[in-house]
>>> print(open('structure_25.csv').read())   # CSV, C-alpha atoms and all ligand atoms
chain,number,residue,atom,x,y,z
L,23,MET,CA,0.0,0.0,0.0
L,24,ILE,CA,2.9,2.3,0.7
L,25,GLU,CA,6.4,2.2,-0.8
L,26,ALA,CA,9.0,4.8,0.1
L,27,SER,CA,12.3,4.5,-1.7
L,28,GLY,CA,15.4,6.5,-1.0
L,29,LEU,CA,13.5,9.6,0.3
L,30,TRP,CA,15.3,12.8,1.0
L,31,ARG,CA,13.8,16.0,2.1
L,32,ARG,CA,15.7,19.3,2.2
L,33,TYR,CA,14.5,22.5,3.8
L,34,GLY,CA,15.9,25.8,2.6
L,35,ARG,CA,18.7,26.2,0.1
L,36,GLY,CA,22.3,27.2,-0.3
L,37,ALA,CA,24.3,27.6,2.9
L,38,THR,CA,21.2,27.2,5.1
L,39,ALA,CA,20.0,23.9,3.4
L,40,PHE,CA,19.2,21.2,5.9
L,41,ASP,CA,18.4,17.6,5.0
L,42,ALA,CA,15.8,16.5,7.5
L,43,VAL,CA,15.3,13.2,5.7
L,44,ARG,CA,18.3,11.4,4.4
L,45,GLY,CA,17.6,8.3,2.3
L,46,VAL,CA,14.6,6.7,4.0
L,47,SER,CA,13.1,3.5,2.5
L,48,PHE,CA,10.4,1.2,3.7
L,49,SER,CA,7.2,-0.5,2.6
L,50,VAL,CA,3.8,-1.1,4.4
L,51,ARG,CA,1.5,-3.8,3.3
L,52,ARG,CA,-2.3,-3.6,3.3
L,53,GLY,CA,-3.8,-3.8,6.8
L,54,GLU,CA,-0.5,-3.3,8.6
L,55,ILE,CA,0.4,-0.7,11.2
L,56,PHE,CA,3.8,0.8,10.6
L,57,GLY,CA,5.3,2.7,13.5
L,58,LEU,CA,7.8,5.5,13.1
L,59,LEU,CA,9.8,6.3,16.2
L,60,GLY,CA,12.6,8.7,16.9
L,61,THR,CA,13.8,11.5,19.1
L,62,ASN,CA,12.6,15.1,18.6
L,63,GLY,CA,13.7,16.4,15.2
L,64,ALA,CA,14.6,12.9,13.9
L,65,GLY,CA,12.6,13.5,10.8
L,66,LYS,CA,9.4,11.6,11.4
L,67,THR,CA,6.9,14.3,10.5
L,68,SER,CA,9.0,15.4,7.6
L,69,THR,CA,8.9,11.8,6.3
L,70,VAL,CA,5.2,11.3,6.9
L,71,GLU,CA,4.3,14.6,5.1
L,72,LEU,CA,6.0,13.1,2.0
L,73,LEU,CA,3.8,10.0,2.3
L,74,GLU,CA,0.7,12.2,2.7
L,75,GLY,CA,1.6,14.2,-0.4
L,76,LEU,CA,1.9,17.5,1.5
L,77,ALA,CA,5.3,18.0,0.0
L,78,ALA,CA,7.4,16.4,-2.7
L,79,PRO,CA,10.6,14.6,-1.8
L,80,SER,CA,13.9,16.3,-2.8
L,81,LYS,CA,15.0,12.9,-4.0
L,82,GLY,CA,13.4,9.4,-4.0
L,83,THR,CA,9.9,8.2,-4.6
L,84,VAL,CA,6.7,7.5,-2.7
L,85,ARG,CA,4.0,5.2,-4.2
L,86,LEU,CA,0.6,4.7,-2.6
L,87,PHE,CA,-1.8,2.0,-3.7
L,88,GLY,CA,0.8,0.5,-6.0
L,89,ALA,CA,1.3,3.3,-8.6
L,90,HIS,CA,0.2,6.7,-7.3
L,91,ASP,CA,2.6,9.5,-6.4
L,92,PRO,CA,0.7,11.1,-3.5
L,93,TYR,CA,2.0,14.6,-4.4
L,94,ARG,CA,1.4,14.6,-8.1
L,95,ASP,CA,-1.7,12.3,-8.1
L,96,ARG,CA,-3.3,14.1,-5.1
L,97,ALA,CA,-6.8,14.1,-6.5
L,98,ALA,CA,-6.7,10.3,-6.9
L,99,VAL,CA,-5.1,9.5,-3.6
L,100,ARG,CA,-6.6,12.0,-1.2
L,101,PRO,CA,-10.2,10.5,-1.1
L,102,HIS,CA,-8.6,7.2,0.1
L,103,THR,CA,-6.4,8.6,2.8
L,104,GLY,CA,-7.0,10.0,6.2
L,105,VAL,CA,-4.5,12.4,7.8
L,106,MET,CA,-4.2,13.4,11.5
L,107,LEU,CA,-1.5,16.0,11.6
L,108,GLN,CA,0.5,16.9,14.7
L,109,GLU,CA,-1.4,20.2,14.9
L,110,GLY,CA,-4.9,19.9,13.6
L,111,GLY,CA,-5.7,23.6,12.9
L,112,LEU,CA,-9.4,23.3,13.6
L,113,PRO,CA,-11.7,26.3,13.3
L,114,THR,CA,-12.2,27.3,16.9
L,115,ASP,CA,-15.7,28.8,16.7
L,116,LEU,CA,-17.4,25.7,15.5
L,117,THR,CA,-18.6,22.9,17.9
L,118,ALA,CA,-17.0,19.5,17.6
L,119,ALA,CA,-20.1,18.2,15.8
L,120,GLU,CA,-20.3,21.2,13.4
L,121,SER,CA,-16.6,20.7,12.6
L,122,LEU,CA,-17.3,17.1,11.7
L,123,ARG,CA,-20.3,18.0,9.6
L,124,MET,CA,-18.3,20.6,7.8
L,125,TRP,CA,-15.5,18.1,7.2
L,126,SER,CA,-18.1,15.6,5.9
L,127,GLY,CA,-18.6,18.0,3.0
L,128,PHE,CA,-15.0,17.6,2.0
L,129,THR,CA,-14.9,13.8,2.5
L,130,SER,CA,-15.9,11.2,0.0
L,131,ASP,CA,-18.2,8.7,1.5
L,132,PRO,CA,-18.2,10.1,5.1
L,133,GLY,CA,-19.7,8.0,7.9
L,134,PRO,CA,-22.3,9.4,10.4
L,135,VAL,CA,-21.0,12.2,12.5
L,136,ASP,CA,-22.5,10.8,15.7
L,137,GLU,CA,-20.7,7.5,15.2
L,138,ALA,CA,-17.4,9.3,14.7
L,139,LEU,CA,-18.0,11.3,17.9
L,140,ASP,CA,-18.9,8.2,19.9
L,141,ALA,CA,-15.9,6.2,18.5
L,142,THR,CA,-13.5,8.8,19.7
L,143,GLY,CA,-15.2,9.2,23.1
L,144,LEU,CA,-16.5,12.7,22.2
L,145,GLY,CA,-20.2,11.8,22.2
L,146,PRO,CA,-21.1,14.0,25.2
L,147,ARG,CA,-18.9,16.9,23.9
L,148,GLY,CA,-20.4,17.2,20.4
L,149,ASP,CA,-22.0,20.6,21.2
L,150,VAL,CA,-18.9,22.1,22.8
L,151,LEU,CA,-17.0,24.8,20.9
L,152,VAL,CA,-13.6,23.6,19.6
L,153,LYS,CA,-11.9,26.5,21.5
L,154,ASN,CA,-13.3,25.1,24.7
L,155,LEU,CA,-12.2,21.5,24.2
L,156,SER,CA,-9.2,20.3,26.2
L,157,GLY,CA,-6.0,19.4,24.4
L,158,GLY,CA,-6.7,15.7,24.6
L,159,GLU,CA,-10.3,16.3,23.3
L,160,LYS,CA,-9.0,18.2,20.4
L,161,ARG,CA,-6.7,15.3,19.5
L,162,ARG,CA,-9.8,13.1,19.6
L,163,LEU,CA,-11.6,15.4,17.3
L,164,ASP,CA,-8.6,15.4,14.9
L,165,LEU,CA,-8.8,11.6,15.0
L,166,ALA,CA,-12.5,11.6,14.3
L,167,MET,CA,-12.0,13.8,11.3
L,168,ALA,CA,-9.1,11.7,10.0
L,169,THR,CA,-11.3,8.5,10.2
L,170,LEU,CA,-14.6,10.0,9.0
L,171,GLY,CA,-14.2,8.9,5.4
L,172,SER,CA,-13.2,5.3,6.3
L,173,PRO,CA,-9.8,5.8,4.6
L,174,ASP,CA,-7.8,2.8,3.2
L,175,VAL,CA,-4.6,4.5,4.4
L,176,LEU,CA,-4.5,6.5,7.6
L,177,PHE,CA,-1.6,8.7,8.8
L,178,LEU,CA,-1.5,9.4,12.5
L,179,ASP,CA,1.2,11.8,13.7
L,180,GLU,CA,1.5,11.4,17.4
L,181,PRO,CA,-2.2,10.6,17.8
L,182,THR,CA,-2.3,10.3,21.6
L,183,THR,CA,-0.1,13.2,22.6
L,184,GLY,CA,-1.9,15.1,25.3
L,185,MET,CA,-4.5,12.4,26.0
L,186,ASP,CA,-5.1,11.0,29.5
L,187,PRO,CA,-4.4,7.3,30.0
L,188,GLU,CA,-8.1,6.4,29.4
L,189,GLY,CA,-8.2,8.4,26.2
L,190,ARG,CA,-5.0,6.8,25.1
L,191,ARG,CA,-6.3,3.3,25.6
L,192,ALA,CA,-9.6,4.1,23.9
L,193,THR,CA,-7.6,5.5,20.9
L,194,TRP,CA,-5.5,2.3,20.8
L,195,ASP,CA,-8.7,0.3,20.7
L,196,LEU,CA,-10.0,2.4,17.9
L,197,ILE,CA,-6.8,2.1,15.9
L,198,THR,CA,-6.9,-1.7,16.5
L,199,SER,CA,-10.4,-1.9,15.2
L,200,LEU,CA,-9.5,0.2,12.1
L,201,LYS,CA,-6.7,-2.2,11.4
L,202,GLU,CA,-9.0,-5.2,11.8
L,203,ARG,CA,-11.3,-3.6,9.2
L,204,GLY,CA,-8.2,-3.6,6.8
L,205,THR,CA,-7.0,0.0,7.2
L,206,THR,CA,-3.3,0.5,6.6
L,207,ILE,CA,-1.9,2.8,9.2
L,208,VAL,CA,1.3,4.8,9.6
L,209,LEU,CA,1.8,6.0,13.1
L,210,THR,CA,4.4,8.3,14.6
L,211,THR,CA,4.7,8.3,18.4
L,212,HIS,CA,6.9,9.0,21.3
L,213,TYR,CA,5.2,6.4,23.4
L,214,LEU,CA,7.2,3.1,23.1
L,215,GLU,CA,4.4,1.2,24.7
L,216,GLU,CA,2.0,2.5,22.0
L,217,ALA,CA,4.4,1.3,19.3
L,218,GLU,CA,4.9,-2.0,21.0
L,219,ARG,CA,1.2,-2.6,21.3
L,220,LEU,CA,0.1,-1.4,17.9
L,221,ALA,CA,2.8,-1.6,15.3
L,222,ASP,CA,3.3,-4.8,13.2
L,223,HIS,CA,6.7,-3.4,12.3
L,224,LEU,CA,8.5,-0.2,13.1
L,225,ALA,CA,11.5,1.9,12.3
L,226,ILE,CA,13.5,4.1,14.6
L,227,MET,CA,14.7,7.3,12.9
L,228,GLN,CA,17.7,9.3,14.0
L,229,ALA,CA,19.1,12.4,12.3
L,230,GLY,CA,17.0,11.8,9.1
L,231,ARG,CA,17.9,8.1,8.7
L,232,ILE,CA,16.4,4.8,9.7
L,233,ALA,CA,18.7,3.5,12.3
L,234,THR,CA,16.9,0.2,12.8
L,235,SER,CA,13.7,-1.4,11.6
L,236,GLY,CA,11.7,-4.7,11.9
L,237,THR,CA,9.2,-6.2,14.3
L,238,VAL,CA,9.7,-5.3,17.9
L,239,GLU,CA,11.2,-8.8,18.5
L,240,GLU,CA,13.6,-8.4,15.6
L,241,ILE,CA,14.7,-4.9,16.7
L,242,VAL,CA,15.2,-6.0,20.3
L,243,ALA,CA,16.9,-9.3,19.3
L,244,ALA,CA,19.7,-7.3,17.7
L,245,SER,CA,20.6,-5.8,21.1
L,246,PRO,CA,22.3,-7.9,23.8
L,247,SER,CA,20.4,-9.5,26.7
L,248,THR,CA,21.7,-9.0,30.2
L,249,LEU,CA,22.4,-11.3,33.2
L,250,SER,CA,22.7,-9.5,36.5
L,251,PHE,CA,23.8,-10.9,39.9
L,252,ARG,CA,25.8,-10.2,43.0
L,253,LEU,CA,28.9,-12.3,43.9
L,254,PRO,CA,29.9,-13.2,47.5
L,255,ASP,CA,32.3,-10.7,49.2
L,256,ASP,CA,35.3,-12.9,48.5
L,257,ARG,CA,34.7,-13.0,44.7
L,258,ALA,CA,34.9,-10.4,42.0
L,259,ALA,CA,33.9,-10.2,38.3
L,260,GLY,CA,37.5,-11.0,37.4
L,261,ASP,CA,37.0,-14.5,38.8
L,262,LEU,CA,34.3,-15.3,36.2
L,263,PRO,CA,35.2,-17.3,33.1
L,264,GLY,CA,36.4,-15.2,30.2
L,265,LEU,CA,34.0,-13.5,27.7
L,266,GLY,CA,34.7,-16.1,25.1
L,267,THR,CA,34.0,-19.0,27.5
L,268,LEU,CA,30.7,-17.4,28.5
L,269,GLY,CA,29.8,-16.4,24.9
L,270,ALA,CA,29.3,-12.9,26.4
L,271,SER,CA,30.1,-9.5,24.8
L,272,ASP,CA,30.7,-7.5,28.0
L,273,VAL,CA,31.0,-7.8,31.8
L,274,HIS,CA,30.9,-4.9,34.1
L,275,THR,CA,30.2,-4.2,37.8
L,276,GLU,CA,27.9,-1.3,38.9
L,277,ASP,CA,27.1,-0.7,42.6
L,278,GLY,CA,28.2,-4.2,43.5
L,279,THR,CA,26.0,-5.9,40.8
L,280,VAL,CA,27.7,-7.7,38.0
L,281,HIS,CA,26.1,-7.2,34.5
L,282,VAL,CA,26.9,-9.7,31.8
L,283,SER,CA,25.8,-8.7,28.2
L,284,THR,CA,25.2,-11.5,25.7
L,285,HIS,CA,23.6,-12.2,22.3
L,286,ASP,CA,23.1,-15.9,23.4
L,287,LEU,CA,21.3,-15.7,26.7
L,288,GLN,CA,20.7,-19.4,27.0
L,289,ARG,CA,24.3,-20.4,26.4
L,290,THR,CA,25.8,-17.7,28.7
L,291,ALA,CA,23.3,-18.4,31.5
L,292,THR,CA,24.0,-22.1,31.3
L,293,ASP,CA,27.8,-21.6,31.3
L,294,LEU,CA,27.5,-19.2,34.2
L,295,LEU,CA,25.4,-21.5,36.3
L,296,VAL,CA,27.7,-24.5,35.6
L,297,TRP,CA,30.7,-22.3,36.7
L,298,ALA,CA,28.9,-21.2,39.8
L,299,ARG,CA,28.0,-24.7,40.8
L,300,GLY,CA,31.5,-26.0,40.2
L,301,GLU,CA,33.0,-23.1,42.3
L,302,GLY,CA,30.3,-23.4,45.0
L,303,VAL,CA,29.4,-19.7,44.4
L,304,ALA,CA,25.9,-18.3,45.1
L,305,LEU,CA,24.8,-15.8,42.5
L,306,ALA,CA,22.5,-13.5,44.6
L,307,GLY,CA,19.6,-11.8,43.0
L,308,LEU,CA,20.2,-13.6,39.7
L,309,HIS,CA,18.2,-11.9,36.9
L,310,ALA,CA,18.1,-12.6,33.2
L,311,ARG,CA,16.3,-10.3,30.7
L,312,SER,CA,16.2,-9.5,27.0
L,313,ALA,CA,16.8,-5.9,25.8
L,314,SER,CA,13.8,-3.6,25.8
L,315,LEU,CA,12.6,-1.4,23.0
L,316,GLU,CA,13.4,1.5,25.3
L,317,GLU,CA,17.1,0.4,25.6
L,318,VAL,CA,17.4,0.1,21.8
L,319,PHE,CA,15.7,3.5,21.4
L,320,LEU,CA,18.1,5.2,23.9
L,321,GLN,CA,21.1,3.4,22.2
L,322,VAL,CA,20.0,4.7,18.8
L,323,ALA,CA,19.5,8.2,20.2
L,324,GLN,CA,23.0,8.1,21.8
L,325,ASP,CA,24.8,6.8,18.6
L,326,GLY,CA,22.9,9.2,16.4
L,327,THR,CA,23.9,12.2,18.6
L,328,ALA,CA,27.5,11.1,18.2
L,329,GLY,CA,27.2,11.0,14.4
L,330,ALA,CA,24.6,13.8,13.9
L,331,ASP,CA,27.1,16.6,13.1
L,332,ASP,CA,27.6,15.4,9.5
L,333,PRO,CA,27.2,18.4,7.2
L,334,ALA,CA,23.8,18.3,5.5
L,335,GLY,CA,24.0,16.0,2.5
L,336,ALA,CA,27.7,15.2,3.0
L,337,ASP,CA,27.0,11.6,2.1
L,338,ASP,CA,24.7,12.5,-0.7
L,339,PRO,CA,27.2,13.1,-3.5
L,340,ALA,CA,24.5,13.8,-6.1
L,341,GLY,CA,23.0,16.4,-3.9
L,342,ALA,CA,19.2,16.8,-3.4
L,343,ASP,CA,17.9,17.9,-6.8
L,344,ARG,CA,14.8,19.7,-5.6
L,345,THR,CA,14.3,21.8,-2.5
L,346,ASP,CA,11.3,22.7,-0.4
L,347,GLY,CA,10.3,26.3,-0.4
L,348,GLY,CA,11.1,27.2,-4.0
L,349,ASP,CA,9.8,27.8,-7.4
L,350,GLY,CA,6.5,29.4,-6.4
L,351,ASP,CA,4.9,26.1,-5.8
L,352,PRO,CA,3.0,26.5,-2.5
L,353,ALA,CA,2.9,22.8,-1.8
L,354,GLU,CA,6.6,22.6,-1.9
L,355,GLY,CA,7.1,25.3,0.7
L,356,GLY,CA,7.6,24.2,4.3
L,357,THR,CA,4.2,22.9,5.3
L,358,ARG,CA,4.6,24.0,8.9
U,1,LIG,N1,10.0,24.1,7.4
U,1,LIG,C1,11.2,23.7,8.0
U,1,LIG,N2,12.3,24.5,7.7
U,1,LIG,C2,13.5,24.1,8.2
U,1,LIG,N3,13.7,23.1,9.0
U,1,LIG,C3,12.6,22.3,9.3
U,1,LIG,C4,11.3,22.6,8.8
U,1,LIG,N4,10.4,21.7,9.3
U,1,LIG,C5,11.2,20.9,10.1
U,1,LIG,N5,12.5,21.2,10.1
U,1,LIG,C6,13.6,20.6,10.8
U,1,LIG,O1,13.7,19.2,10.3
U,1,LIG,C7,14.1,18.3,11.4
U,1,LIG,C8,13.1,17.2,11.4
U,1,LIG,O2,11.8,17.7,11.9
U,1,LIG,P1,10.5,16.8,12.0
U,1,LIG,O3,9.4,17.7,12.5
U,1,LIG,O4,10.4,16.0,10.8
U,1,LIG,O5,11.0,15.9,13.2
U,1,LIG,P2,10.2,14.8,14.1
U,1,LIG,O6,10.9,13.6,14.1
U,1,LIG,O7,8.8,14.8,13.6
U,1,LIG,O8,10.2,15.6,15.5
U,1,LIG,P3,9.2,15.6,16.8
U,1,LIG,O9,9.2,14.3,17.4
U,1,LIG,O10,9.8,16.7,17.6
U,1,LIG,O11,7.8,16.0,16.2
U,1,LIG,C9,14.1,19.2,12.6
U,1,LIG,O12,15.5,19.5,12.9
U,1,LIG,C10,13.3,20.5,12.3
U,1,LIG,O13,13.8,21.6,12.9
>>> encode(input="structure_25.csv", output="structure tokens")
Amino acid sequence: MIEASGLWRRYGRGATAFDAVRGVSFSVRRGEIFGLLGTNGAGKTSTVELLEGLAAPSKGTVRLFGAHDPYRDRAAVRPHTGVMLQEGGLPTDLTAAESLRMWSGFTSDPGPVDEALDATGLGPRGDVLVKNLSGGEKRRLDLAMATLGSPDVLFLDEPTTGMDPEGRRATWDLITSLKERGTTIVLTTHYLEEAERLADHLAIMQAGRIATSGTVEEIVAASPSTLSFRLPDDRAAGDLPGLGTLGASDVHTEDGTVHVSTHDLQRTATDLLVWARGEGVALAGLHARSASLEEVFLQVAQDGTAGADDPAGADDPAGADRTDGGDGDPAEGGTR
């Protein structure tokens, strides 16, 4: 349903040019939820706007529904897509229900407004002016608008930011039910739990690039698992078998607890326990766990920071061949 190949997005030109997206590729199949994660400024929104057809890439291609360029074939693509931007820009002097009714007029095949209000938990707030809705309620209204036309592809940019835990869970349920009806969804989020719960596969962006991608299991499996324990007072980490013997990648001690990192948890745990039994050593508080998505995310953020001072486009020898903000084409200007 979505194919992004070698996407670049450059803001500005000349000395102030900045490549916010630097060679991003991925594909999303029908009925999948694709999660895009990354630190602030990593390039998520800049990427999603290219998928939405709000701007053209400086380089690379986007195809929706097999053959359509969402920027050039906007008229064909737009009726089948739903977009929830990070900032909705709703008219503030309409009520929630009036906003949805107005939006119905722009939407092909809109569903009933009452259903959209109920599905997003706004049923009792339909007659409230948008300017009087809370931040979380406005996000719900944005979501109601994005889903009003039962889109085949739905773009959700940080859909639950500002929502309370109940609203977040209700939104997760709604997103899950949309997926069950076959909607293809691209989701950006800062909530790792949200990505873990919803996304079939995800990518973590850093400094305009995809640092890692796959299912949560695949992403986490690439990072080491950890065995933690305390040794008796008369023992130190140096007494343990060597890294090679344990199949471990690192051993370090922090506040009296030994942490052993390994990509083969079963082997390292077995070898460690066999050693402990042979030596008559008790491993107090022994704890084994796989890496978490949070650890991988933090690792990517750290590595990316270290390498983020590349000059814009330094590894793009051809240079971006189109720029945002030029040539009198309003859609190519910065959209925010
Ligand atoms: N119109 C613009 N002109 C110049 N730079 C821009 C423009 N829009 C975005 N940027 C820059 O591009 C980079 C990526 O921004 P983007 O909004 O895509 O990041 P993001 O991953 O969505 O961040 P966040 O999680 O904070 O929403 C940032 O450094 C941002 O300052």
>>> residues_around(input="structure_25.csv", residues="segment 105-110 of chain L", least_positions_apart="2", cutoff="8 Å", atoms="all atoms listed in the file", output="VMD selection string")
chain L and resid 74 103 112 161 164 to 165 167 to 168 176 to 181
>>> residues_near_ligand(input="structure_25.csv", ligand="ligand LIG 1 (chain U)", cutoff="7 Å", atoms="only C-alpha atoms and all ligand atoms", output="PyMOL selection string")
chain L and resi 33-34+40+42+60-69+212+356-358
>>> write_last_selection(input="structure_25.csv", atoms="C-alpha atoms", output="short mmCIF file (atom, residue, chain, number, x, y, z; two decimals), keeping the file's coordinate frame")
data_model
loop_
_atom_site.label_atom_id
_atom_site.label_comp_id
_atom_site.auth_asym_id
_atom_site.auth_seq_id
_atom_site.Cartn_x
_atom_site.Cartn_y
_atom_site.Cartn_z
CA TYR L 33 14.50 22.50 3.80
CA GLY L 34 15.90 25.80 2.60
CA PHE L 40 19.20 21.20 5.90
CA ALA L 42 15.80 16.50 7.50
CA GLY L 60 12.60 8.70 16.90
CA THR L 61 13.80 11.50 19.10
CA ASN L 62 12.60 15.10 18.60
CA GLY L 63 13.70 16.40 15.20
CA ALA L 64 14.60 12.90 13.90
CA GLY L 65 12.60 13.50 10.80
CA LYS L 66 9.40 11.60 11.40
CA THR L 67 6.90 14.30 10.50
CA SER L 68 9.00 15.40 7.60
CA THR L 69 8.90 11.80 6.30
CA HIS L 212 6.90 9.00 21.30
CA GLY L 356 7.60 24.20 4.30
CA THR L 357 4.20 22.90 5.30
CA ARG L 358 4.60 24.00 8.90
#
>>> atom_distance(input="structure_25.csv", atom1="atom CA of Ala217 of chain L", atom2="atom CA of Gly57 of chain L")
6.0 Å
>>> residues_near_point(input="structure_25.csv", point="(-11.0, -4.8, 5.9)", cutoff="12 Å", atoms="only C-alpha atoms", output="list in words")
Arg52, Gly53, Glu54, Ser172, Pro173, Asp174, Val175, Thr198, Ser199, Leu200, Lys201, Glu202, Arg203, Gly204, Thr205 and Thr206 of chain L
>>> residues_around(input="structure_25.csv", residues="Ile226 of chain L", least_positions_apart="5", cutoff="10 Å", atoms="all atoms listed in the file", output="number ranges by chain")
L: 57-61, 64, 66, 231-236, 241, 318-319, 322-323
>>> residues_near_point(input="structure_25.csv", point="(-17.1, 20.3, 14.8)", cutoff="10 Å", atoms="all atoms listed in the file", output="ChimeraX atom specification")
/L:112-125,135,139,147-152,163-164,166-167
>>> atom_distance(input="structure_25.csv", atom1="atom CA of Asp256 of chain L", atom2="atom CA of Asp277 of chain L")
15.8 Å
>>> atom_distance(input="structure_25.csv", atom1="atom CA of Gly157 of chain L", atom2="atom CA of Val208 of chain L")
22.0 Å
>>> closest_residue(input="structure_25.csv", among="L:Ala138, L:Ala77, L:Leu315, L:Val242", to="Tyr213 of chain L", atoms="all atoms listed in the file")
L:Leu315
>>> residues_around(input="structure_25.csv", residues="segment 88-93 of chain L", least_positions_apart="2", cutoff="7 Å", atoms="only C-alpha atoms", output="ChimeraX atom specification")
/L:23,73-78,84-86,95-96,99
>>> residues_around(input="structure_25.csv", residues="Ala141 of chain L", least_positions_apart="5", cutoff="10 Å", atoms="only C-alpha atoms", output="list in words")
Val135, Asp136, Arg162, Leu165, Ala166, Thr169, Ala192, Thr193, Asp195 and Leu196 of chain L
>>> write_last_selection(input="structure_25.csv", atoms="C-alpha atoms", output="PDB file, keeping the file's coordinate frame")
ATOM      1  CA  VAL L 135     -21.000  12.200  12.500  1.00  0.00           C
ATOM      2  CA  ASP L 136     -22.500  10.800  15.700  1.00  0.00           C
ATOM      3  CA  ARG L 162      -9.800  13.100  19.600  1.00  0.00           C
ATOM      4  CA  LEU L 165      -8.800  11.600  15.000  1.00  0.00           C
ATOM      5  CA  ALA L 166     -12.500  11.600  14.300  1.00  0.00           C
ATOM      6  CA  THR L 169     -11.300   8.500  10.200  1.00  0.00           C
ATOM      7  CA  ALA L 192      -9.600   4.100  23.900  1.00  0.00           C
ATOM      8  CA  THR L 193      -7.600   5.500  20.900  1.00  0.00           C
ATOM      9  CA  ASP L 195      -8.700   0.300  20.700  1.00  0.00           C
ATOM     10  CA  LEU L 196     -10.000   2.400  17.900  1.00  0.00           C
TER      11      LEU L 196
END
>>> decode(input="structure_25.csv", residues="segment 54-68 of chain L", atoms="N, CA and C atoms", output="mmCIF file, in the first residue's frame")
data_model
loop_
_atom_site.group_PDB
_atom_site.id
_atom_site.type_symbol
_atom_site.label_atom_id
_atom_site.label_comp_id
_atom_site.auth_asym_id
_atom_site.auth_seq_id
_atom_site.Cartn_x
_atom_site.Cartn_y
_atom_site.Cartn_z
ATOM 1 N N GLU L 54 -1.533 -3.358 7.555
ATOM 2 C CA GLU L 54 -0.479 -3.317 8.575
ATOM 3 C C GLU L 54 -0.463 -1.969 9.288
ATOM 4 N N ILE L 55 0.074 -1.988 10.502
ATOM 5 C CA ILE L 55 0.383 -0.728 11.190
ATOM 6 C C ILE L 55 1.902 -0.602 11.221
ATOM 7 N N PHE L 56 2.383 0.512 10.653
ATOM 8 C CA PHE L 56 3.819 0.788 10.620
ATOM 9 C C PHE L 56 4.105 1.924 11.593
ATOM 10 N N GLY L 57 4.973 1.695 12.548
ATOM 11 C CA GLY L 57 5.291 2.708 13.550
ATOM 12 C C GLY L 57 6.612 3.387 13.237
ATOM 13 N N LEU L 58 6.613 4.714 13.299
ATOM 14 C CA LEU L 58 7.844 5.483 13.073
ATOM 15 C C LEU L 58 8.215 6.155 14.385
ATOM 16 N N LEU L 59 9.355 5.755 14.932
ATOM 17 C CA LEU L 59 9.819 6.295 16.209
ATOM 18 C C LEU L 59 11.064 7.136 15.975
ATOM 19 N N GLY L 60 11.420 7.922 16.982
ATOM 20 C CA GLY L 60 12.647 8.705 16.882
ATOM 21 C C GLY L 60 12.603 9.868 17.838
ATOM 22 N N THR L 61 13.767 10.395 18.148
ATOM 23 C CA THR L 61 13.838 11.533 19.064
ATOM 24 C C THR L 61 13.230 12.766 18.404
ATOM 25 N N ASN L 62 13.044 13.829 19.171
ATOM 26 C CA ASN L 62 12.567 15.096 18.607
ATOM 27 C C ASN L 62 13.499 15.520 17.482
ATOM 28 N N GLY L 63 12.895 15.883 16.360
ATOM 29 C CA GLY L 63 13.695 16.371 15.236
ATOM 30 C C GLY L 63 14.347 15.282 14.402
ATOM 31 N N ALA L 64 13.999 14.019 14.656
ATOM 32 C CA ALA L 64 14.634 12.916 13.921
ATOM 33 C C ALA L 64 14.214 12.881 12.460
ATOM 34 N N GLY L 65 13.038 13.461 12.150
ATOM 35 C CA GLY L 65 12.585 13.496 10.761
ATOM 36 C C GLY L 65 11.299 12.721 10.509
ATOM 37 N N LYS L 66 10.595 12.359 11.560
ATOM 38 C CA LYS L 66 9.369 11.552 11.403
ATOM 39 C C LYS L 66 8.290 12.329 10.644
ATOM 40 N N THR L 67 7.967 13.528 11.155
ATOM 41 C CA THR L 67 6.903 14.309 10.519
ATOM 42 C C THR L 67 7.305 14.679 9.094
ATOM 43 N N SER L 68 8.570 15.030 8.914
ATOM 44 C CA SER L 68 9.038 15.389 7.559
ATOM 45 C C SER L 68 8.853 14.216 6.601
#
